[in-house]
$ cat my_file.cif   # mmCIF, C-alpha atoms
data_model
#
loop_
_atom_site.group_PDB
_atom_site.id
_atom_site.type_symbol
_atom_site.label_atom_id
_atom_site.label_comp_id
_atom_site.auth_asym_id
_atom_site.auth_seq_id
_atom_site.Cartn_x
_atom_site.Cartn_y
_atom_site.Cartn_z
ATOM 1 C CA MET A 1272 -39.257 -40.919 -3.048
ATOM 2 C CA PRO A 1273 -36.709 -38.713 -4.805
ATOM 3 C CA PRO A 1274 -36.553 -39.174 -8.583
ATOM 4 C CA ARG A 1275 -33.596 -40.634 -10.392
ATOM 5 C CA GLY A 1276 -31.164 -38.251 -12.003
ATOM 6 C CA MET A 1277 -31.017 -35.655 -9.219
ATOM 7 C CA GLU A 1278 -27.253 -35.764 -9.526
ATOM 8 C CA ASN A 1279 -27.584 -34.472 -13.119
ATOM 9 C CA MET A 1280 -29.113 -31.117 -12.202
ATOM 10 C CA VAL A 1281 -27.660 -28.093 -14.021
ATOM 11 C CA TYR A 1282 -27.351 -26.060 -10.823
ATOM 12 C CA LYS A 1283 -25.240 -27.966 -8.290
ATOM 13 C CA ASN A 1284 -26.284 -26.627 -4.892
ATOM 14 C CA TYR A 1285 -29.955 -27.388 -4.237
ATOM 15 C CA GLY A 1286 -31.265 -27.970 -0.741
ATOM 16 C CA ILE A 1287 -34.221 -29.320 1.210
ATOM 17 C CA THR A 1288 -35.552 -28.570 4.684
ATOM 18 C CA LEU A 1289 -35.498 -31.018 7.588
ATOM 19 C CA TYR A 1290 -37.863 -30.422 10.513
ATOM 20 C CA VAL A 1291 -36.490 -31.540 13.849
ATOM 21 C CA ASP A 1292 -39.831 -33.002 14.962
ATOM 22 C CA SER A 1293 -39.522 -35.574 12.157
ATOM 23 C CA LEU A 1294 -35.754 -35.939 12.040
ATOM 24 C CA GLU A 1295 -35.897 -39.723 12.460
ATOM 25 C CA GLU A 1296 -38.168 -40.173 9.452
ATOM 26 C CA THR A 1297 -36.132 -37.723 7.388
ATOM 27 C CA LEU A 1298 -32.874 -39.524 8.154
ATOM 28 C CA LYS A 1299 -34.364 -42.748 6.773
ATOM 29 C CA GLN A 1300 -34.837 -41.074 3.370
ATOM 30 C CA LEU A 1301 -31.268 -39.841 3.057
ATOM 31 C CA PRO A 1302 -28.802 -39.584 1.416
ATOM 32 C CA VAL A 1303 -30.439 -38.008 -1.659
ATOM 33 C CA PRO A 1304 -28.252 -37.889 -4.791
ATOM 34 C CA GLY A 1305 -28.050 -34.348 -6.117
ATOM 35 C CA VAL A 1306 -29.238 -32.576 -2.965
ATOM 36 C CA LYS A 1307 -26.235 -30.722 -1.572
ATOM 37 C CA HIS A 1308 -27.704 -28.741 1.314
ATOM 38 C CA LEU A 1309 -29.811 -29.776 4.309
ATOM 39 C CA GLU A 1310 -31.483 -26.941 6.208
ATOM 40 C CA ILE A 1311 -32.514 -27.956 9.726
ATOM 41 C CA ASN A 1312 -35.633 -26.008 10.673
ATOM 42 C CA PHE A 1313 -36.127 -25.677 14.426
ATOM 43 C CA LEU A 1314 -39.543 -25.691 16.029
ATOM 44 C CA LYS A 1315 -40.243 -23.401 18.958
ATOM 45 C CA SER A 1316 -40.598 -26.257 21.446
ATOM 46 C CA ILE A 1317 -37.271 -27.938 20.622
ATOM 47 C CA PRO A 1318 -34.101 -26.083 21.629
ATOM 48 C CA PRO A 1319 -30.887 -26.943 19.779
ATOM 49 C CA SER A 1320 -29.315 -28.396 22.927
ATOM 50 C CA SER A 1321 -32.089 -31.030 23.029
ATOM 51 C CA ALA A 1322 -32.150 -31.736 19.292
ATOM 52 C CA PHE A 1323 -28.393 -32.151 19.070
ATOM 53 C CA ASP A 1324 -26.872 -34.122 21.895
ATOM 54 C CA LYS A 1325 -23.578 -35.920 21.197
ATOM 55 C CA GLN A 1326 -25.326 -38.856 19.560
ATOM 56 C CA GLY A 1327 -27.502 -36.561 17.445
ATOM 57 C CA ILE A 1328 -24.459 -34.600 16.288
ATOM 58 C CA ARG A 1329 -22.709 -37.784 15.173
ATOM 59 C CA ARG A 1330 -25.773 -39.006 13.291
ATOM 60 C CA ILE A 1331 -26.508 -35.796 11.429
ATOM 61 C CA LYS A 1332 -22.849 -35.333 10.469
ATOM 62 C CA LYS A 1333 -22.730 -38.928 9.219
ATOM 63 C CA THR A 1334 -25.900 -38.365 7.193
ATOM 64 C CA ALA A 1335 -24.595 -35.158 5.661
ATOM 65 C CA SER A 1336 -21.278 -36.790 4.863
ATOM 66 C CA ALA A 1337 -23.002 -39.719 3.141
ATOM 67 C CA SER A 1338 -24.928 -37.382 0.870
ATOM 68 C CA ARG A 1339 -21.977 -34.994 0.514
ATOM 69 C CA ALA A 1340 -24.273 -32.241 1.714
ATOM 70 C CA LYS A 1341 -23.609 -29.144 3.785
ATOM 71 C CA LEU A 1342 -25.787 -28.158 6.724
ATOM 72 C CA SER A 1343 -27.481 -25.024 8.033
ATOM 73 C CA PHE A 1344 -30.102 -24.036 10.629
ATOM 74 C CA HIS A 1345 -33.325 -22.066 10.292
ATOM 75 C CA LEU A 1346 -34.587 -20.488 13.538
ATOM 76 C CA PRO A 1347 -38.328 -19.925 14.223
ATOM 77 C CA TYR A 1348 -40.195 -16.620 13.904
ATOM 78 C CA SER A 1349 -40.967 -16.550 17.618
ATOM 79 C CA PHE A 1350 -37.480 -15.493 18.708
ATOM 80 C CA ASN A 1351 -37.047 -11.749 18.609
ATOM 81 C CA ILE A 1352 -33.880 -9.945 19.715
ATOM 82 C CA SER A 1353 -35.542 -6.722 18.499
ATOM 83 C CA ASP A 1354 -38.384 -6.923 21.026
ATOM 84 C CA ILE A 1355 -39.064 -3.929 23.243
ATOM 85 C CA ILE A 1356 -39.350 -6.247 26.289
ATOM 86 C CA PRO A 1357 -35.881 -6.991 27.758
ATOM 87 C CA SER A 1358 -36.755 -10.502 28.994
ATOM 88 C CA ILE A 1359 -37.825 -11.560 25.490
ATOM 89 C CA ARG A 1360 -34.636 -10.146 24.001
ATOM 90 C CA LYS A 1361 -32.585 -12.005 26.608
ATOM 91 C CA MET A 1362 -34.367 -15.309 25.975
ATOM 92 C CA SER A 1363 -34.014 -14.902 22.214
ATOM 93 C CA SER A 1364 -30.325 -14.069 22.483
ATOM 94 C CA LYS A 1365 -29.767 -17.172 24.600
ATOM 95 C CA PHE A 1366 -31.505 -19.373 22.023
ATOM 96 C CA MET A 1367 -29.416 -17.858 19.237
ATOM 97 C CA ARG A 1368 -26.162 -18.377 21.135
ATOM 98 C CA GLU A 1369 -27.040 -22.033 21.778
ATOM 99 C CA SER A 1370 -27.968 -22.431 18.112
ATOM 100 C CA ILE A 1371 -24.640 -21.003 16.954
ATOM 101 C CA GLU A 1372 -22.722 -23.327 19.288
ATOM 102 C CA ALA A 1373 -24.722 -26.338 18.029
ATOM 103 C CA ALA A 1374 -24.232 -25.213 14.428
ATOM 104 C CA GLY A 1375 -20.495 -25.038 14.997
ATOM 105 C CA LYS A 1376 -20.446 -28.590 16.344
ATOM 106 C CA ILE A 1377 -22.125 -30.012 13.235
ATOM 107 C CA GLU A 1378 -19.997 -27.773 10.982
ATOM 108 C CA ALA A 1379 -22.993 -25.852 9.602
ATOM 109 C CA THR A 1380 -22.333 -23.092 7.101
ATOM 110 C CA HIS A 1381 -24.885 -20.580 8.375
ATOM 111 C CA ILE A 1382 -28.055 -19.927 10.363
ATOM 112 C CA THR A 1383 -31.079 -18.242 8.761
ATOM 113 C CA ILE A 1384 -32.967 -15.905 11.088
ATOM 114 C CA HIS A 1385 -35.728 -13.298 10.983
ATOM 115 C CA ILE A 1386 -35.021 -9.772 12.202
ATOM 116 C CA GLY A 1387 -38.068 -9.650 14.474
ATOM 117 C CA THR A 1388 -41.319 -7.765 15.072
ATOM 118 C CA PHE A 1389 -42.371 -4.442 16.540
ATOM 119 C CA TYR A 1390 -45.553 -2.745 17.780
ATOM 120 C CA TRP A 1391 -46.665 0.242 15.744
ATOM 121 C CA PHE A 1392 -47.922 2.527 18.544
ATOM 122 C CA PRO A 1393 -47.608 5.519 18.569
ATOM 123 C CA VAL A 1394 -45.788 6.120 15.254
ATOM 124 C CA ALA A 1395 -44.981 3.103 13.074
ATOM 125 C CA ARG A 1396 -41.980 4.602 11.258
ATOM 126 C CA TRP A 1397 -40.328 5.730 14.487
ATOM 127 C CA MET A 1398 -41.006 2.402 16.228
ATOM 128 C CA ARG A 1399 -39.544 0.487 13.273
ATOM 129 C CA LYS A 1400 -36.286 2.412 13.515
ATOM 130 C CA LYS A 1401 -36.109 1.851 17.268
ATOM 131 C CA ALA A 1402 -36.632 -1.887 16.763
ATOM 132 C CA LEU A 1403 -33.976 -2.025 14.038
ATOM 133 C CA ASP A 1404 -31.557 -0.250 16.372
ATOM 134 C CA ARG A 1405 -32.302 -2.809 19.091
ATOM 135 C CA PHE A 1406 -31.575 -5.572 16.604
ATOM 136 C CA ILE A 1407 -28.254 -3.993 15.644
ATOM 137 C CA THR A 1408 -27.248 -3.527 19.288
ATOM 138 C CA ASN A 1409 -28.057 -7.134 20.190
ATOM 139 C CA ILE A 1410 -26.706 -8.831 17.059
ATOM 140 C CA LYS A 1411 -23.206 -7.365 17.330
ATOM 141 C CA PRO A 1412 -22.052 -9.517 20.288
ATOM 142 C CA ILE A 1413 -23.766 -12.537 18.702
ATOM 143 C CA LEU A 1414 -21.691 -12.035 15.561
ATOM 144 C CA GLU A 1415 -18.570 -12.390 17.685
ATOM 145 C CA ILE A 1416 -19.814 -15.848 18.695
ATOM 146 C CA CYS A 1417 -20.433 -16.595 15.014
ATOM 147 C CA LYS A 1418 -16.816 -15.718 14.313
ATOM 148 C CA THR A 1419 -15.625 -18.069 17.052
ATOM 149 C CA HIS A 1420 -17.646 -20.989 15.653
ATOM 150 C CA ARG A 1421 -17.231 -20.010 11.983
ATOM 151 C CA VAL A 1422 -20.984 -19.873 11.377
ATOM 152 C CA LYS A 1423 -22.609 -17.048 9.396
ATOM 153 C CA LEU A 1424 -26.030 -15.480 9.984
ATOM 154 C CA ALA A 1425 -28.402 -14.984 7.038
ATOM 155 C CA LEU A 1426 -31.160 -12.398 7.564
ATOM 156 C CA GLU A 1427 -34.332 -13.490 5.756
ATOM 157 C CA ASN A 1428 -36.857 -11.131 4.171
ATOM 158 C CA VAL A 1429 -40.436 -11.798 5.262
ATOM 159 C CA ALA A 1430 -43.942 -11.226 3.933
ATOM 160 C CA PRO A 1431 -45.512 -7.887 4.966
ATOM 161 C CA ILE A 1432 -48.293 -7.909 7.552
ATOM 162 C CA PRO A 1433 -51.410 -5.971 6.382
ATOM 163 C CA GLN A 1434 -51.775 -2.370 7.497
ATOM 164 C CA GLY A 1435 -53.842 -1.970 10.673
ATOM 165 C CA SER A 1436 -52.250 -4.860 12.569
ATOM 166 C CA ASP A 1437 -51.086 -4.400 16.149
ATOM 167 C CA TYR A 1438 -47.551 -5.324 15.166
ATOM 168 C CA TYR A 1439 -45.404 -5.567 12.045
ATOM 169 C CA TYR A 1440 -42.478 -7.614 10.852
ATOM 170 C CA LEU A 1441 -39.054 -6.150 10.448
ATOM 171 C CA GLY A 1442 -37.388 -7.239 7.220
ATOM 172 C CA ASP A 1443 -40.497 -6.971 5.035
ATOM 173 C CA ASN A 1444 -38.811 -4.353 2.864
ATOM 174 C CA ILE A 1445 -35.412 -3.699 1.319
ATOM 175 C CA ASN A 1446 -34.668 -0.541 3.312
ATOM 176 C CA ASP A 1447 -34.604 -2.464 6.611
ATOM 177 C CA PHE A 1448 -31.747 -4.613 5.314
ATOM 178 C CA LYS A 1449 -29.876 -1.689 3.789
ATOM 179 C CA TYR A 1450 -30.090 0.094 7.156
ATOM 180 C CA ILE A 1451 -28.664 -2.935 8.989
ATOM 181 C CA PHE A 1452 -25.887 -3.622 6.477
ATOM 182 C CA ASP A 1453 -24.918 0.057 6.497
ATOM 183 C CA LYS A 1454 -24.503 -0.140 10.283
ATOM 184 C CA ILE A 1455 -22.771 -3.529 10.456
ATOM 185 C CA ASP A 1456 -19.814 -4.574 8.333
ATOM 186 C CA SER A 1457 -19.169 -8.228 9.129
ATOM 187 C CA ASP A 1458 -18.097 -11.231 7.099
ATOM 188 C CA TYR A 1459 -20.469 -13.263 9.279
ATOM 189 C CA LEU A 1460 -23.657 -11.367 8.390
ATOM 190 C CA GLY A 1461 -25.424 -12.016 5.080
ATOM 191 C CA PHE A 1462 -28.853 -12.126 3.466
ATOM 192 C CA CYS A 1463 -31.312 -14.963 2.789
ATOM 193 C CA LEU A 1464 -33.487 -14.164 -0.231
ATOM 194 C CA ASP A 1465 -36.973 -15.646 0.093
ATOM 195 C CA THR A 1466 -38.482 -15.409 -3.388
ATOM 196 C CA GLY A 1467 -42.115 -15.795 -2.317
ATOM 197 C CA HIS A 1468 -41.835 -13.140 0.375
ATOM 198 C CA ALA A 1469 -40.035 -10.798 -2.017
ATOM 199 C CA ASN A 1470 -42.861 -11.254 -4.542
ATOM 200 C CA LEU A 1471 -45.283 -9.918 -1.930
ATOM 201 C CA GLY A 1472 -43.123 -6.809 -1.522
ATOM 202 C CA GLU A 1473 -40.806 -4.929 -3.866
ATOM 203 C CA GLY A 1474 -40.206 -7.961 -6.095
ATOM 204 C CA VAL A 1475 -37.539 -10.644 -6.405
ATOM 205 C CA ILE A 1476 -35.450 -8.820 -9.011
ATOM 206 C CA GLU A 1477 -35.383 -5.644 -6.949
ATOM 207 C CA TYR A 1478 -34.070 -7.575 -3.950
ATOM 208 C CA ILE A 1479 -31.366 -9.167 -6.101
ATOM 209 C CA ASN A 1480 -30.416 -5.818 -7.631
ATOM 210 C CA GLN A 1481 -30.083 -4.052 -4.282
ATOM 211 C CA LEU A 1482 -28.861 -6.821 -1.969
ATOM 212 C CA GLY A 1483 -27.241 -9.269 -4.371
ATOM 213 C CA ASP A 1484 -23.758 -8.928 -2.916
ATOM 214 C CA LYS A 1485 -25.099 -9.981 0.503
ATOM 215 C CA ILE A 1486 -27.017 -13.115 -0.559
ATOM 216 C CA ILE A 1487 -25.656 -16.317 0.995
ATOM 217 C CA ASN A 1488 -28.863 -18.400 0.980
ATOM 218 C CA ILE A 1489 -32.063 -18.617 -1.090
ATOM 219 C CA HIS A 1490 -35.490 -20.049 -0.238
ATOM 220 C CA PHE A 1491 -37.618 -20.576 -3.332
ATOM 221 C CA HIS A 1492 -41.381 -20.787 -3.745
ATOM 222 C CA ASP A 1493 -44.052 -18.985 -5.778
ATOM 223 C CA ASN A 1494 -47.306 -17.050 -5.257
ATOM 224 C CA ASN A 1495 -49.664 -14.627 -7.014
ATOM 225 C CA SER A 1496 -48.532 -11.532 -5.072
ATOM 226 C CA THR A 1497 -51.484 -11.843 -2.688
ATOM 227 C CA ASN A 1498 -50.902 -14.739 -0.261
ATOM 228 C CA ASP A 1499 -47.765 -16.370 1.137
ATOM 229 C CA ASP A 1500 -48.999 -19.814 0.116
ATOM 230 C CA HIS A 1501 -45.616 -21.304 -0.874
ATOM 231 C CA ARG A 1502 -46.691 -22.648 -4.260
ATOM 232 C CA THR A 1503 -44.317 -24.540 -6.461
ATOM 233 C CA VAL A 1504 -42.305 -22.925 -9.243
ATOM 234 C CA GLY A 1505 -44.558 -21.782 -12.099
ATOM 235 C CA ASP A 1506 -47.815 -21.875 -10.124
ATOM 236 C CA GLY A 1507 -47.626 -18.151 -9.333
ATOM 237 C CA ASN A 1508 -46.601 -14.987 -11.163
ATOM 238 C CA ILE A 1509 -42.868 -14.843 -10.417
ATOM 239 C CA ASN A 1510 -40.881 -14.512 -13.642
ATOM 240 C CA TRP A 1511 -38.485 -17.360 -12.961
ATOM 241 C CA GLN A 1512 -36.516 -16.929 -16.165
ATOM 242 C CA ASP A 1513 -35.628 -13.373 -15.133
ATOM 243 C CA VAL A 1514 -34.810 -14.505 -11.596
ATOM 244 C CA ILE A 1515 -32.492 -17.292 -12.764
ATOM 245 C CA ARG A 1516 -30.832 -14.962 -15.274
ATOM 246 C CA ALA A 1517 -30.188 -12.427 -12.493
ATOM 247 C CA LEU A 1518 -28.671 -15.116 -10.241
ATOM 248 C CA VAL A 1519 -26.431 -16.375 -13.037
ATOM 249 C CA GLU A 1520 -25.266 -12.824 -13.792
ATOM 250 C CA LEU A 1521 -24.626 -12.392 -10.060
ATOM 251 C CA LYS A 1522 -22.538 -15.596 -10.179
ATOM 252 C CA TYR A 1523 -24.417 -16.882 -7.153
ATOM 253 C CA LYS A 1524 -23.188 -20.326 -6.050
ATOM 254 C CA GLY A 1525 -24.837 -20.700 -2.629
ATOM 255 C CA PRO A 1526 -27.677 -23.018 -1.593
ATOM 256 C CA ILE A 1527 -31.092 -22.757 -3.275
ATOM 257 C CA ILE A 1528 -33.548 -24.417 -0.895
ATOM 258 C CA SER A 1529 -37.091 -25.530 -1.699
ATOM 259 C CA GLU A 1530 -39.910 -24.212 0.495
ATOM 260 C CA CYS A 1531 -42.672 -25.241 -1.914
ATOM 261 C CA ARG A 1532 -45.537 -26.867 -0.026
ATOM 262 C CA ASP A 1533 -47.821 -28.117 -2.803
ATOM 263 C CA LYS A 1534 -45.298 -30.554 -4.310
ATOM 264 C CA ILE A 1535 -42.627 -32.715 -2.779
ATOM 265 C CA LYS A 1536 -39.341 -30.849 -2.582
ATOM 266 C CA TYR A 1537 -37.565 -33.009 -5.145
ATOM 267 C CA GLN A 1538 -40.192 -32.194 -7.784
ATOM 268 C CA SER A 1539 -39.899 -28.468 -7.101
ATOM 269 C CA ILE A 1540 -36.126 -28.725 -7.526
ATOM 270 C CA GLU A 1541 -36.609 -30.360 -10.922
ATOM 271 C CA LEU A 1542 -38.943 -27.543 -11.959
ATOM 272 C CA ILE A 1543 -36.605 -24.699 -11.018
ATOM 273 C CA ASP A 1544 -33.615 -26.451 -12.575
ATOM 274 C CA LYS A 1545 -35.388 -26.423 -15.959
ATOM 275 C CA TYR A 1546 -34.999 -22.623 -15.987
ATOM 276 C CA PHE A 1547 -31.241 -22.953 -15.499
ATOM 277 C CA LYS A 1548 -31.145 -25.536 -18.286
ATOM 278 C CA ASN A 1549 -33.187 -23.344 -20.654
ATOM 279 C CA LEU A 1550 -30.974 -20.329 -19.972
ATOM 280 C CA TYR A 1551 -27.748 -22.182 -20.685
ATOM 281 C CA GLU A 1552 -29.199 -23.902 -23.766
ATOM 282 C CA ASN A 1553 -30.395 -20.570 -25.171
ATOM 283 C CA ARG A 1554 -27.012 -18.991 -24.583
ATOM 284 C CA ALA A 1555 -25.284 -21.919 -26.258
ATOM 285 C CA GLY A 1556 -27.636 -21.625 -29.235
ATOM 286 C CA THR A 1557 -26.855 -17.957 -29.757
ATOM 287 C CA SER A 1558 -23.088 -18.196 -29.304
#

$ encode --input "my_file.cif" --output "structure tokens"
Amino acid sequence: MPPRGMENMVYKNYGITLYVDSLEETLKQLPVPGVKHLEINFLKSIPPSSAFDKQGIRRIKKTASASRAKLSFHLPYSFNISDIIPSIRKMSSKFMRESIEAAGKIEATHITIHIGTFYWFPVARWMRKKALDRFITNIKPILEICKTHRVKLALENVAPIPQGSDYYYLGDNINDFKYIFDKIDSDYLGFCLDTGHANLGEGVIEYINQLGDKIINIHFHDNNSTNDDHRTVGDGNINWQDVIRALVELKYKGPIISECRDKIKYQSIELIDKYFKNLYENRAGTS
């Protein structure tokens, strides 16, 4: 059960994730005072058209309205508009288009997606660029649909796959995003900062420094720079005080969504909010 006092959090836009395979059980636990964003995480086997029929749309909008929360989608890793195989790109594009239409119907703010994967053979650097170019080519017409439905896309950074794998993730480094944002100038394309994934790469602060103006969504969790184990805040080596200070200096106001797996989401929200509280109290004490 969520703790009392969630409505008294220092930061005012925390979120939790709802999984569509347990939507009924999740709806029973809502509304949650203090939680202002509900991210609906799709599973591969459940397309948005099945998860959100007319009755489902009414129910989720009613739930969000009761908790005064905004909504967004998170699409699964398995869909890849960057794939070298045309049929996979076509299927992935179709799923994304359906997701955008469904997101528009429930008045979602954005959809978080992954850029995709690519096979390294014969030259990894060359194949990465080709895959990024395929992503850019295929995302442009999708962004026009986003504009029609007033739903943004947030590109999420991912954890790197170890060297020697048959394939690699796109979006496991800052340069991939800089390349995309240099090629596409759209009000409907932004960035989702995943703190745990960033900690396995160039670091959370480096992502904020280089992509801060593009951030429209944040997933938070911790780790020890070795495994993507989604620990709660403070159980890894991320310097959360520096991260929160950087977000405050950035004047970030978007959703901050818990993806911590070793504590219930409401507890992880309490833990991260303490860093906001400490920062503001310290500033007040020195003013």

$ resolve_selection --input "my_file.cif" --expression "the PyMOL selection byres ((chain A and resi 1406-1410) around 8)" --output "PyMOL selection string"
chain A and resi 1352-1353+1364+1386-1387+1402-1405+1411-1414+1451+1454-1455

$ residues_around --input "my_file.cif" --residues "region 1370-1380 of chain A" --least-positions-apart "3" --cutoff "9 Å" --atoms "all atoms listed in the file" --output "list of chain:residue names"
A:Pro1318, A:Pro1319, A:Ser1320, A:Phe1323, A:Asp1324, A:Ile1328, A:Arg1329, A:Ile1331, A:Lys1332, A:Lys1341, A:Leu1342, A:Ser1343, A:Phe1344, A:Leu1346, A:Lys1365, A:Phe1366, A:Met1367, A:Ile1413, A:Ile1416, A:Cys1417, A:Thr1419, A:His1420, A:Arg1421, A:Val1422, A:Lys1423, A:Leu1424

$ residues_near_point --input "my_file.cif" --point "(-40.2, -29.0, 18.3)" --cutoff "12 Å" --atoms "all atoms listed in the file" --output "VMD selection string"
chain A and resid 1289 to 1294 1311 to 1322 1346 to 1347

$ closest_residue --input "my_file.cif" --among "A:Val1504, A:Ala1337, A:Ser1358, A:Glu1415" --to "Tyr1537 (chain A)" --atoms "all atoms listed in the file"
A:Val1504

$ closest_residue --input "my_file.cif" --among "A:Val1519, A:Ile1384, A:Met1398, A:Ile1432" --to "Asp1465 (chain A)" --atoms "all atoms listed in the file"
A:Ile1384

$ atom_distance --input "my_file.cif" --atom1 "CA of Asn1494 (chain A)" --atom2 "CA of Asn1470 (chain A)"
7.3 Å

$ residues_near_point --input "my_file.cif" --point "(-26.4, -9.4, 4.6)" --cutoff "12 Å" --atoms "only C-alpha atoms" --output "ChimeraX atom specification"
/A:1381,1383-1386,1423-1428,1442,1445,1447-1464,1478-1479,1481-1488

$ residues_around --input "my_file.cif" --residues "Ser1529 (chain A)" --least-positions-apart "2" --cutoff "9 Å" --atoms "all atoms listed in the file" --output "PyMOL selection string"
chain A and resi 1285-1288+1489-1492+1503+1527+1531-1532+1536-1537+1539-1540

$ atom_distance --input "my_file.cif" --atom1 "CA of Arg1554 (chain A)" --atom2 "CA of Met1280 (chain A)"
17.5 Å

$ atom_distance --input "my_file.cif" --atom1 "CA of Phe1350 (chain A)" --atom2 "CA of Pro1526 (chain A)"
23.8 Å

$ closest_residue --input "my_file.cif" --among "A:Leu1441, A:Ser1436, A:Glu1541, A:Asp1506" --to "Gly1305 (chain A)" --atoms "all atoms listed in the file"
A:Glu1541

$ resolve_selection --input "my_file.cif" --expression "the PyMOL selection byres ((chain A and resi 1389) around 9)" --output "ChimeraX atom specification"
/A:1353-1355,1387-1388,1390-1391,1395,1398-1399,1401-1402,1437-1441

$ closest_residue --input "my_file.cif" --among "A:Lys1361, A:His1468, A:Arg1516, A:Lys1522" --to "Ser1496 (chain A)" --atoms "only C-alpha atoms"
A:His1468

$ axis_aligned_box --input "my_file.cif" --around "region 1473-1479 of chain A" --padding-each-side "3 Å" --output "lines of an AutoDock Vina configuration file"
center_x = -36.1
center_y = -7.8
center_z = -6.4
size_x = 15.4
size_y = 11.7
size_z = 11.1

$ closest_residue --input "my_file.cif" --among "A:Asn1495, A:Arg1339, A:Lys1325, A:Lys1333" --to "Val1306 (chain A)" --atoms "only C-alpha atoms"
A:Arg1339

$ closest_residue --input "my_file.cif" --among "A:Tyr1523, A:Arg1502, A:Gln1538, A:Thr1557" --to "Lys1283 (chain A)" --atoms "all atoms listed in the file"
A:Tyr1523
